[in-house]
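As provided, my_file05.cif (mmCIF, C-alpha atoms and all ligand atoms) reads as follows.
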```cif
data_my_file
#
loop_
_atom_site.label_atom_id
_atom_site.label_comp_id
_atom_site.auth_asym_id
_atom_site.auth_seq_id
_atom_site.Cartn_x
_atom_site.Cartn_y
_atom_site.Cartn_z
CA LYS W 2 -29.76 -18.60 11.72
CA GLU W 3 -30.41 -14.93 11.22
CA ARG W 4 -31.69 -15.75 7.74
CA GLY W 5 -34.60 -17.54 9.33
CA ARG W 6 -35.64 -21.11 9.72
CA ALA W 7 -36.18 -21.85 6.04
CA ASN W 8 -32.52 -21.22 5.33
CA TRP W 9 -31.18 -23.31 8.16
CA VAL W 10 -30.61 -26.43 6.13
CA ARG W 11 -28.61 -24.83 3.36
CA TYR W 12 -26.64 -22.80 5.83
CA ALA W 13 -25.80 -25.62 8.20
CA TRP W 14 -25.04 -28.32 5.66
CA GLY W 15 -23.38 -26.44 2.87
CA MET W 16 -21.92 -23.11 3.80
CA GLU W 17 -20.26 -23.24 7.19
CA ARG W 18 -16.59 -23.89 7.62
CA PRO W 19 -16.16 -27.66 7.94
CA ALA W 20 -15.17 -27.71 11.61
CA SER W 21 -18.24 -25.88 12.87
CA ALA W 22 -20.53 -27.67 10.42
CA HIS W 23 -19.24 -30.97 11.81
CA ALA W 24 -19.72 -29.84 15.36
CA ARG W 25 -23.26 -28.80 14.64
CA LEU W 26 -24.07 -31.99 12.74
CA GLY W 27 -22.63 -33.98 15.62
CA GLY W 28 -24.93 -32.21 18.06
CA ASP W 29 -27.87 -32.62 15.73
CA LEU W 30 -27.22 -36.35 15.47
CA ARG W 31 -27.15 -36.67 19.25
CA ARG W 32 -30.42 -34.79 19.50
CA ALA W 33 -31.91 -36.93 16.73
CA LEU W 34 -30.97 -40.13 18.53
CA ASP W 35 -32.51 -38.89 21.76
CA ALA W 36 -35.60 -37.70 19.87
CA GLY W 37 -36.05 -41.07 18.16
CA GLU W 38 -35.67 -39.72 14.62
CA PHE W 39 -33.76 -42.73 13.27
CA ARG W 40 -35.59 -45.50 11.44
CA ILE W 41 -34.49 -48.83 10.10
CA VAL W 42 -35.51 -50.08 6.68
CA TYR W 43 -34.99 -53.73 5.82
CA GLN W 44 -33.88 -54.99 2.42
CA PRO W 45 -34.66 -58.62 1.55
CA ILE W 46 -31.74 -60.96 0.88
CA VAL W 47 -33.09 -63.46 -1.61
CA SER W 48 -32.32 -66.92 -2.93
CA LEU W 49 -31.69 -66.40 -6.66
CA GLY W 50 -32.92 -69.87 -7.57
CA ASP W 51 -36.43 -69.71 -6.10
CA GLY W 52 -36.95 -66.13 -4.94
CA GLU W 53 -37.30 -67.08 -1.27
CA ILE W 54 -36.35 -64.44 1.29
CA VAL W 55 -33.45 -65.86 3.27
CA GLY W 56 -32.54 -62.77 5.24
CA VAL W 57 -32.68 -59.03 5.64
CA GLU W 58 -30.11 -56.26 5.78
CA ALA W 59 -30.89 -53.47 8.23
CA LEU W 60 -30.20 -50.00 6.81
CA VAL W 61 -30.56 -46.90 8.96
CA ARG W 62 -32.44 -43.76 7.88
CA TRP W 63 -32.78 -40.38 9.53
CA GLU W 64 -36.23 -38.87 9.46
CA HIS W 65 -35.13 -35.28 9.88
CA PRO W 66 -37.96 -32.92 10.90
CA GLU W 67 -36.91 -30.38 8.25
CA ARG W 68 -34.81 -32.23 5.72
CA GLY W 69 -37.06 -35.26 5.42
CA LEU W 70 -35.53 -38.69 4.94
CA VAL W 71 -31.72 -38.43 5.06
CA SER W 72 -29.65 -41.24 3.58
CA PRO W 73 -26.80 -42.80 5.56
CA ALA W 74 -24.18 -41.51 3.12
CA ASP W 75 -25.06 -38.03 4.44
CA PHE W 76 -24.68 -38.74 8.15
CA ILE W 77 -22.78 -41.99 8.83
CA PRO W 78 -19.40 -40.33 8.11
CA ALA W 79 -20.22 -37.55 10.59
CA ALA W 80 -21.51 -40.08 13.11
CA GLU W 81 -18.21 -41.94 12.77
CA ARG W 82 -16.12 -38.80 13.19
CA THR W 83 -18.03 -37.63 16.25
CA GLY W 84 -18.27 -41.08 17.83
CA LEU W 85 -22.06 -40.97 17.78
CA ILE W 86 -21.94 -44.08 15.61
CA VAL W 87 -21.33 -46.05 18.82
CA PRO W 88 -24.72 -45.34 20.45
CA LEU W 89 -26.44 -45.15 17.05
CA GLY W 90 -24.97 -48.48 15.99
CA ARG W 91 -25.93 -50.00 19.33
CA TRP W 92 -29.52 -48.88 18.74
CA VAL W 93 -29.52 -50.34 15.21
CA LEU W 94 -28.13 -53.61 16.54
CA ARG W 95 -30.69 -53.91 19.34
CA GLU W 96 -33.62 -52.89 17.16
CA THR W 97 -32.63 -55.30 14.39
CA CYS W 98 -32.35 -58.18 16.86
CA ARG W 99 -35.72 -57.28 18.36
CA GLN W 100 -37.42 -57.07 14.97
CA ALA W 101 -35.87 -60.30 13.68
CA ALA W 102 -36.89 -62.15 16.83
CA ALA W 103 -40.44 -60.78 16.40
CA TRP W 104 -40.59 -62.07 12.80
CA ILE W 105 -39.36 -65.48 13.94
CA ALA W 106 -41.96 -65.51 16.73
CA GLU W 107 -44.71 -64.61 14.26
CA PHE W 108 -43.76 -66.75 11.28
CA GLY W 109 -41.61 -69.53 12.70
CA PRO W 110 -37.88 -70.23 12.74
CA ASP W 111 -37.59 -70.76 8.99
CA VAL W 112 -38.76 -67.26 8.10
CA LEU W 113 -35.26 -65.79 8.20
CA ASP W 114 -31.83 -67.32 8.18
CA LYS W 115 -30.22 -63.99 9.00
CA ALA W 116 -30.70 -60.39 10.01
CA ALA W 117 -27.74 -58.21 9.16
CA PRO W 118 -26.98 -54.77 10.57
CA ASN W 119 -23.89 -52.84 9.44
CA VAL W 120 -21.12 -52.23 11.94
CA SER W 121 -18.52 -49.44 11.82
CA VAL W 122 -14.90 -49.76 12.81
CA ARG W 123 -15.53 -47.26 15.62
CA GLN W 124 -17.93 -49.75 17.17
CA LEU W 125 -15.37 -52.54 16.98
CA HIS W 126 -13.04 -50.37 19.04
CA ASP W 127 -15.67 -49.67 21.67
CA PRO W 128 -14.72 -51.72 24.74
CA ASP W 129 -18.37 -52.66 25.35
CA PHE W 130 -19.10 -53.90 21.83
CA VAL W 131 -18.98 -57.65 22.47
CA ALA W 132 -21.06 -57.25 25.63
CA ASP W 133 -23.55 -55.09 23.70
CA VAL W 134 -23.97 -57.79 21.07
CA ALA W 135 -24.43 -60.44 23.75
CA ALA W 136 -27.04 -58.27 25.50
CA ALA W 137 -28.90 -57.53 22.25
CA LEU W 138 -29.18 -61.27 21.63
CA ALA W 139 -30.15 -62.13 25.20
CA ASP W 140 -32.73 -59.34 25.51
CA SER W 141 -34.37 -60.12 22.16
CA GLY W 142 -34.09 -63.89 22.30
CA LEU W 143 -32.64 -63.95 18.78
CA PRO W 144 -30.38 -66.99 18.35
CA ALA W 145 -26.77 -65.88 17.78
CA ASN W 146 -26.53 -67.76 14.50
CA ARG W 147 -29.31 -65.60 13.03
CA LEU W 148 -27.29 -62.44 13.51
CA VAL W 149 -24.86 -61.41 10.78
CA LEU W 150 -22.67 -58.36 11.33
CA GLU W 151 -21.68 -56.60 8.10
CA LEU W 152 -18.16 -55.18 8.20
CA THR W 153 -16.03 -53.59 5.52
CA GLU W 154 -12.56 -54.75 4.66
CA SER W 155 -10.99 -51.49 5.83
CA ALA W 156 -12.66 -51.95 9.22
CA VAL W 157 -11.38 -55.45 9.84
CA LEU W 158 -7.88 -54.72 8.60
CA ARG W 159 -7.13 -52.66 11.65
CA GLY W 160 -4.98 -54.52 14.07
CA GLN W 161 -4.82 -56.99 16.87
CA HIS W 162 -7.64 -55.65 19.02
CA VAL W 163 -10.20 -55.83 16.22
CA SER W 164 -9.03 -59.32 15.36
CA GLN W 165 -9.66 -60.45 18.94
CA VAL W 166 -13.13 -58.86 18.98
CA LEU W 167 -14.04 -60.62 15.75
CA HIS W 168 -12.91 -63.97 17.11
CA GLU W 169 -14.96 -63.44 20.28
CA LEU W 170 -18.05 -62.71 18.18
CA HIS W 171 -17.33 -65.75 16.04
CA ASP W 172 -17.02 -67.88 19.19
CA MET W 173 -20.44 -66.60 20.34
CA GLY W 174 -21.90 -68.01 17.13
CA VAL W 175 -22.50 -64.66 15.44
CA ARG W 176 -21.67 -64.66 11.74
CA LEU W 177 -19.54 -61.99 10.12
CA ALA W 178 -19.97 -60.75 6.56
CA LEU W 179 -17.37 -58.87 4.54
CA ASP W 180 -19.35 -56.05 2.93
CA ASP W 181 -18.53 -54.35 -0.39
CA PHE W 182 -16.08 -57.14 -1.12
CA GLY W 183 -13.53 -56.38 -3.80
CA THR W 184 -13.42 -52.62 -3.25
CA GLY W 185 -10.94 -52.61 -0.36
CA GLU W 186 -7.35 -53.72 0.04
CA SER W 187 -5.67 -57.10 0.48
CA SER W 188 -8.88 -59.06 0.18
CA LEU W 189 -7.20 -62.43 -0.18
CA SER W 190 -4.98 -62.45 2.90
CA LEU W 191 -7.85 -60.94 4.84
CA LEU W 192 -10.13 -63.85 4.02
CA ARG W 193 -7.67 -66.27 5.56
CA ALA W 194 -7.07 -64.32 8.75
CA PHE W 195 -10.60 -63.18 9.43
CA PRO W 196 -13.37 -65.48 10.73
CA ALA W 197 -15.84 -64.43 8.01
CA ALA W 198 -18.84 -66.56 7.11
CA ILE W 199 -20.18 -64.50 4.23
CA VAL W 200 -18.70 -62.45 1.41
CA LYS W 201 -20.83 -59.75 -0.20
CA LEU W 202 -19.76 -59.06 -3.76
CA ASP W 203 -19.83 -55.30 -4.24
CA LYS W 204 -22.38 -53.74 -6.53
CA SER W 205 -19.63 -52.31 -8.75
CA PHE W 206 -18.96 -55.84 -10.05
CA VAL W 207 -22.66 -56.47 -10.60
CA ASP W 208 -23.27 -53.29 -12.62
CA GLY W 209 -23.08 -54.31 -16.26
CA ILE W 210 -22.35 -57.95 -15.51
CA GLU W 211 -25.23 -59.03 -17.78
CA LEU W 212 -23.58 -57.45 -20.82
CA ASP W 213 -22.04 -59.84 -23.29
CA GLU W 214 -19.96 -57.71 -25.56
CA PRO W 215 -16.52 -58.96 -26.44
CA ASP W 216 -15.59 -55.38 -27.30
CA THR W 217 -16.10 -54.16 -23.75
CA PRO W 218 -13.30 -55.56 -21.64
CA ALA W 219 -14.79 -53.96 -18.56
CA ALA W 220 -17.83 -56.23 -18.68
CA ASP W 221 -15.62 -59.28 -19.14
CA ALA W 222 -13.44 -58.23 -16.24
CA ARG W 223 -16.45 -57.92 -13.97
CA GLN W 224 -17.55 -61.42 -14.86
CA ALA W 225 -14.05 -62.76 -14.26
CA VAL W 226 -13.84 -61.09 -10.85
CA ALA W 227 -17.31 -62.22 -9.86
CA ARG W 228 -16.54 -65.82 -10.87
CA ALA W 229 -13.19 -65.77 -9.07
CA VAL W 230 -14.75 -64.42 -5.86
CA ALA W 231 -17.44 -67.12 -5.95
CA GLN W 232 -14.85 -69.85 -6.45
CA LEU W 233 -12.62 -68.47 -3.72
CA ALA W 234 -15.51 -68.24 -1.28
CA ASP W 235 -16.50 -71.79 -2.16
CA ALA W 236 -12.98 -73.07 -1.60
CA LEU W 237 -12.86 -71.36 1.80
CA GLY W 238 -16.33 -72.56 2.81
CA LEU W 239 -17.89 -69.10 2.79
CA ASP W 240 -21.37 -68.12 1.64
CA THR W 241 -21.79 -65.32 -0.88
CA VAL W 242 -24.32 -62.55 -1.48
CA ALA W 243 -24.27 -60.50 -4.69
CA GLU W 244 -25.20 -56.86 -4.00
CA GLY W 245 -27.08 -54.32 -6.09
CA ILE W 246 -28.96 -56.59 -8.50
CA GLU W 247 -31.23 -54.39 -10.60
CA SER W 248 -32.46 -56.76 -13.31
CA GLN W 249 -33.40 -60.37 -13.95
CA GLU W 250 -30.58 -60.55 -16.51
CA GLN W 251 -28.08 -59.75 -13.77
CA ALA W 252 -29.63 -62.32 -11.44
CA ASP W 253 -29.46 -65.00 -14.17
CA ARG W 254 -25.87 -64.18 -14.98
CA LEU W 255 -24.84 -64.23 -11.32
CA LEU W 256 -26.50 -67.62 -10.84
CA ARG W 257 -24.42 -68.96 -13.71
CA LEU W 258 -21.28 -67.44 -12.23
CA GLY W 259 -21.85 -69.32 -8.97
CA TYR W 260 -24.00 -67.02 -6.80
CA HIS W 261 -27.05 -68.46 -5.07
CA VAL W 262 -28.09 -65.49 -2.99
CA GLY W 263 -28.49 -61.83 -3.90
CA GLN W 264 -29.82 -58.48 -2.91
CA GLY W 265 -30.93 -55.48 -4.95
CA TYR W 266 -33.78 -53.30 -6.13
CA HIS W 267 -34.88 -56.00 -8.58
CA LEU W 268 -35.34 -58.45 -5.70
CA GLY W 269 -36.67 -56.00 -3.13
CA ARG W 270 -36.09 -52.41 -2.08
CA PRO W 271 -35.20 -51.45 1.46
CA MET W 272 -38.61 -51.08 3.14
CA PRO W 273 -40.17 -50.22 6.50
CA PRO W 274 -40.61 -53.20 8.82
CA GLY W 275 -44.41 -53.27 8.42
CA GLN W 276 -44.07 -53.73 4.69
CA LEU W 277 -41.60 -56.56 5.09
CA THR W 278 -43.98 -58.20 7.58
CA GLU W 279 -46.66 -58.16 4.87
CA LEU W 280 -44.25 -59.65 2.37
CA LEU W 281 -43.29 -62.44 4.78
CA ALA W 282 -46.96 -63.12 5.55
CA ALA W 283 -47.88 -63.23 1.85
CA ARG W 284 -45.07 -65.68 1.12
CA ARG W 285 -46.20 -67.95 3.92
CA VAL W 286 -49.74 -68.02 2.58
CA LYS W 287 -48.38 -68.77 -0.88
CA ALA W 288 -46.12 -71.54 0.43
CA ALA W 289 -49.03 -73.15 2.32
CA ALA W 290 -51.37 -73.02 -0.67
P1 LIG X 1 -24.15 -51.21 2.25
O1 LIG X 1 -24.05 -51.84 3.59
O2 LIG X 1 -23.26 -51.77 1.19
O3 LIG X 1 -25.67 -51.29 1.84
C1 LIG X 1 -26.13 -51.43 0.54
C2 LIG X 1 -26.58 -50.12 -0.02
O4 LIG X 1 -26.95 -50.31 -1.40
C3 LIG X 1 -27.82 -49.55 0.63
O5 LIG X 1 -27.73 -48.14 0.54
C4 LIG X 1 -28.93 -50.05 -0.25
O6 LIG X 1 -30.11 -49.28 -0.17
C5 LIG X 1 -28.29 -49.92 -1.59
N1 LIG X 1 -28.85 -50.82 -2.60
C6 LIG X 1 -29.36 -52.06 -2.42
N2 LIG X 1 -29.75 -52.61 -3.58
C7 LIG X 1 -29.46 -51.69 -4.54
C8 LIG X 1 -29.64 -51.66 -5.97
O7 LIG X 1 -30.13 -52.60 -6.58
N3 LIG X 1 -29.23 -50.54 -6.61
C9 LIG X 1 -28.68 -49.48 -5.97
N4 LIG X 1 -28.30 -48.44 -6.67
N5 LIG X 1 -28.49 -49.47 -4.62
C10 LIG X 1 -28.89 -50.57 -3.92
P2 LIG X 1 -28.02 -47.20 1.79
O8 LIG X 1 -29.16 -47.73 2.59
O9 LIG X 1 -28.08 -45.81 1.28
O10 LIG X 1 -26.73 -47.38 2.68
C11 LIG X 1 -25.48 -46.97 2.20
C12 LIG X 1 -24.37 -47.43 3.12
O11 LIG X 1 -24.48 -46.79 4.39
C13 LIG X 1 -24.42 -48.91 3.43
O12 LIG X 1 -23.83 -49.63 2.36
C14 LIG X 1 -23.63 -48.97 4.70
O13 LIG X 1 -22.25 -48.98 4.43
C15 LIG X 1 -23.98 -47.65 5.37
N6 LIG X 1 -25.00 -47.91 6.40
C16 LIG X 1 -26.34 -48.03 6.29
N7 LIG X 1 -26.91 -48.26 7.48
C17 LIG X 1 -25.90 -48.30 8.38
C18 LIG X 1 -25.82 -48.51 9.81
O14 LIG X 1 -26.82 -48.75 10.52
N8 LIG X 1 -24.57 -48.46 10.37
C19 LIG X 1 -23.45 -48.23 9.64
N9 LIG X 1 -22.27 -48.20 10.27
N10 LIG X 1 -23.48 -48.05 8.31
C20 LIG X 1 -24.68 -48.08 7.69
MG MG X 2 -24.12 -53.66 4.29
MG MG X 3 -22.80 -53.66 0.88
MG MG X 4 -22.02 -50.83 -0.21
#
```

Turn this file's structure into structure tokens for me.
Ligand code: C2E
Ligand code: MG
Ligand code: MG
Ligand code: MG
Amino acid sequence: KERGRANWVRYAWGMERPASAHARLGGDLRRALDAGEFRIVYQPIVSLGDGEIVGVEALVRWEHPERGLVSPADFIPAAERTGLIVPLGRWVLRETCRQAAAWIAEFGPDVLDKAAPNVSVRQLHDPDFVADVAAALADSGLPANRLVLELTESAVLRGQHVSQVLHELHDMGVRLALDDFGTGESSLSLLRAFPAAIVKLDKSFVDGIELDEPDTPAADARQAVARAVAQLADALGLDTVAEGIESQEQADRLLRLGYHVGQGYHLGRPMPPGQLTELLAARRVKAAA
């Protein structure tokens, strides 16, 4: 601090001993939540066959007054450690439900099949979580079956309590998606035990999947994994989303491997809600023409 305001960022984020840096970041996150500095950007989830938007993923951003736009990789871990992820996640959940209900009110029920916020394991352990989800749905008017909660494998692996929470959400009609699928542990047994509706193939299997070079076993392995995950999901009655699609070649290849829905910069970047509203409006005009 004594170095002056301009040095605050470097000092606080890079140079302090971890414990005090964490404490300060925790306090800063709390302040940011109270000050309304968090934003949600929405990334289209798209039908690979016809390019229709079938859903959106909600991704949080921090509009820091000095650092500018901060990506979740730089504050979600701290929010999880400090527990601030519980109120932050609750805000993301409520805001996503409100926004999705507004889009449905404006464009009709077919505009979106799903709106999908991410949920941390810390939230699943919060005793109020199921009630919070129910309240977010009731207050927004969003039908439960339009809400998809994205969870990682490591989050859902943890124990009896989480399992009960997930079944309660499932019984409410909320769908659960396994995010970053293939990067965690014991994916197969998990799929049987867990009331998932959607599997999201991790971007690491999509990177390079368009390559057809017999000399690069890595590319072949990605295709084999992607095909196996699609077949497994099919056999278990789960929907799939392929993540991180950056080219038409990847989209084409994934279609052939059994994916019908995808997400990625090639199909649409995460964008502010106003921009997605314009996109939805433009598509409706196009569809009516
Ligand atoms: P995720 O849930 O797997 O989200 C996908 C991430 O991949 C997003 O990064 C998205 O912007 C990025 N992405 C999408 N398409 C492409 C692509 O074609 N190429 C590349 N290179 N990247 C792509 P983002 O927004 O930085 O979020 C990172 C992670 O932070 C998320 O991964 C999620 O685990 C976490 N996160 C984001 N928002 C929240 C939140 O509200 N709550 C919690 N608990 N976690 C969140
Ligand atoms: Mg996600
Ligand atoms: Mg993901
Ligand atoms: Mg991911």

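When all atoms listed in the file are used to measure the gap to Glu64 of chain W, the shortest distance among W:Ala33, W:Leu85, W:Leu143, W:Ala80 belongs to W:Ala33.
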
Nearest to ligand LIG 1 (chain X) among W:Arg123, W:Val226, W:Asp35, W:Gly27, with distances taken over only C-alpha atoms and all ligand atoms: which residue is it?
-> W:Arg123

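If all atoms listed in the file are the atoms counted, then among W:Ala252, W:Val200, W:Val87, W:Val61 the closest residue to ligand MG 3 (chain X) is W:Val200.
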
Closest atom pairs, chain W residues within 8 Å of ligand LIG 1 (chain X), only C-alpha atoms and all ligand atoms, as a tab-separated table:
```
residue	atom	partner	partner_atom	distance
W:Ile41	CA	X:LIG1	O14	7.7
W:Val42	CA	X:LIG1	O8	7.9
W:Gln44	CA	X:LIG1	C6	7.2
W:Glu58	CA	X:LIG1	O3	7.7
W:Ala59	CA	X:LIG1	N7	6.6
W:Leu60	CA	X:LIG1	N7	3.8
W:Val61	CA	X:LIG1	N7	4.2
W:Arg62	CA	X:LIG1	N7	7.1
W:Ser72	CA	X:LIG1	O9	5.4
W:Pro73	CA	X:LIG1	O11	4.8
W:Ala74	CA	X:LIG1	O11	5.4
W:Ile77	CA	X:LIG1	N10	6.1
W:Glu81	CA	X:LIG1	N9	7.9
W:Ile86	CA	X:LIG1	N9	6.8
W:Leu89	CA	X:LIG1	O14	7.5
W:Gly90	CA	X:LIG1	N8	5.6
W:Val93	CA	X:LIG1	O14	5.6
W:Leu94	CA	X:LIG1	O14	7.8
W:Pro118	CA	X:LIG1	O14	6.0
W:Asn119	CA	X:LIG1	N8	4.5
W:Val120	CA	X:LIG1	N9	4.5
W:Ser121	CA	X:LIG1	N9	4.2
W:Val122	CA	X:LIG1	N9	7.9
W:Glu151	CA	X:LIG1	O1	7.0
W:Thr153	CA	X:LIG1	O13	7.8
W:Asp180	CA	X:LIG1	O2	6.1
W:Asp181	CA	X:LIG1	O2	5.6
W:Asp203	CA	X:LIG1	O2	7.3
W:Lys204	CA	X:LIG1	N3	7.6
W:Glu244	CA	X:LIG1	N2	6.2
W:Gly245	CA	X:LIG1	O7	3.5
W:Ile246	CA	X:LIG1	O7	4.6
W:Glu247	CA	X:LIG1	O7	4.5
W:Gln264	CA	X:LIG1	N2	5.9
W:Gly265	CA	X:LIG1	N2	3.4
W:Tyr266	CA	X:LIG1	O7	3.7
W:His267	CA	X:LIG1	O7	6.2
W:Leu268	CA	X:LIG1	O7	7.9
W:Gly269	CA	X:LIG1	N2	7.7
W:Arg270	CA	X:LIG1	N2	6.5
W:Pro271	CA	X:LIG1	O6	5.8
```

Correct to one decimal, the distance atom CA of Met272 of chain W-atom CA of Tyr43 of chain W is 5.2 Å

Shell of 10 Å around Asp127 of chain W, only C-alpha atoms, local chain residues under 6 positions omitted, as an MDAnalysis selection string | chainID W and resid 84 87 133 163 166

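Counting only C-alpha atoms and all ligand atoms and comparing W:Val47, W:Ala243, W:Ala137, W:Ala132, the residue that lies closest to ligand MG 2 (chain X) is W:Ala243.
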
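Distance-wise, atom CA of Gly259 of chain W and atom CA of Ala231 of chain W end up 5.8 Å apart.
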
Restricting the calculation to all atoms listed in the file, which member of W:Asp75, W:Glu67, W:Asp208, W:Glu107 is positioned closest to Ser248 of chain W?
-> W:Asp208

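Of note, atom CA of Val262 of chain W and atom CA of Gln165 of chain W are spaced 29.1 Å apart.
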
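Across W:Leu26, W:Leu167, W:Leu150, W:Ala79, the tightest approach to Lys201 of chain W is made by W:Leu150 when counting only C-alpha atoms.
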
Skipping near chain neighbours, those fewer than 2 positions away, what residues fall within 10 Å of Asp114 of chain W using all atoms listed in the file, listed as a PyMOL selection string?
-> chain W and resi 46+54-57+101+105+110-112+116+146-149

Within 12 Å of Ala282 of chain W, counting all atoms listed in the file, which residues show up once you throw out same-chain ones fewer than 4 positions away? Write them as a ChimeraX atom specification, please.
-> /W:54,104-105,107-109,112,275-278,286-289

Contacts of Arg254 of chain W at 9 Å or less, counting only C-alpha atoms, minus same-chain residues fewer than 5 places along, as JSON, numbers by chain?
-> {"W": [210, 211, 224, 249, 259, 260]}
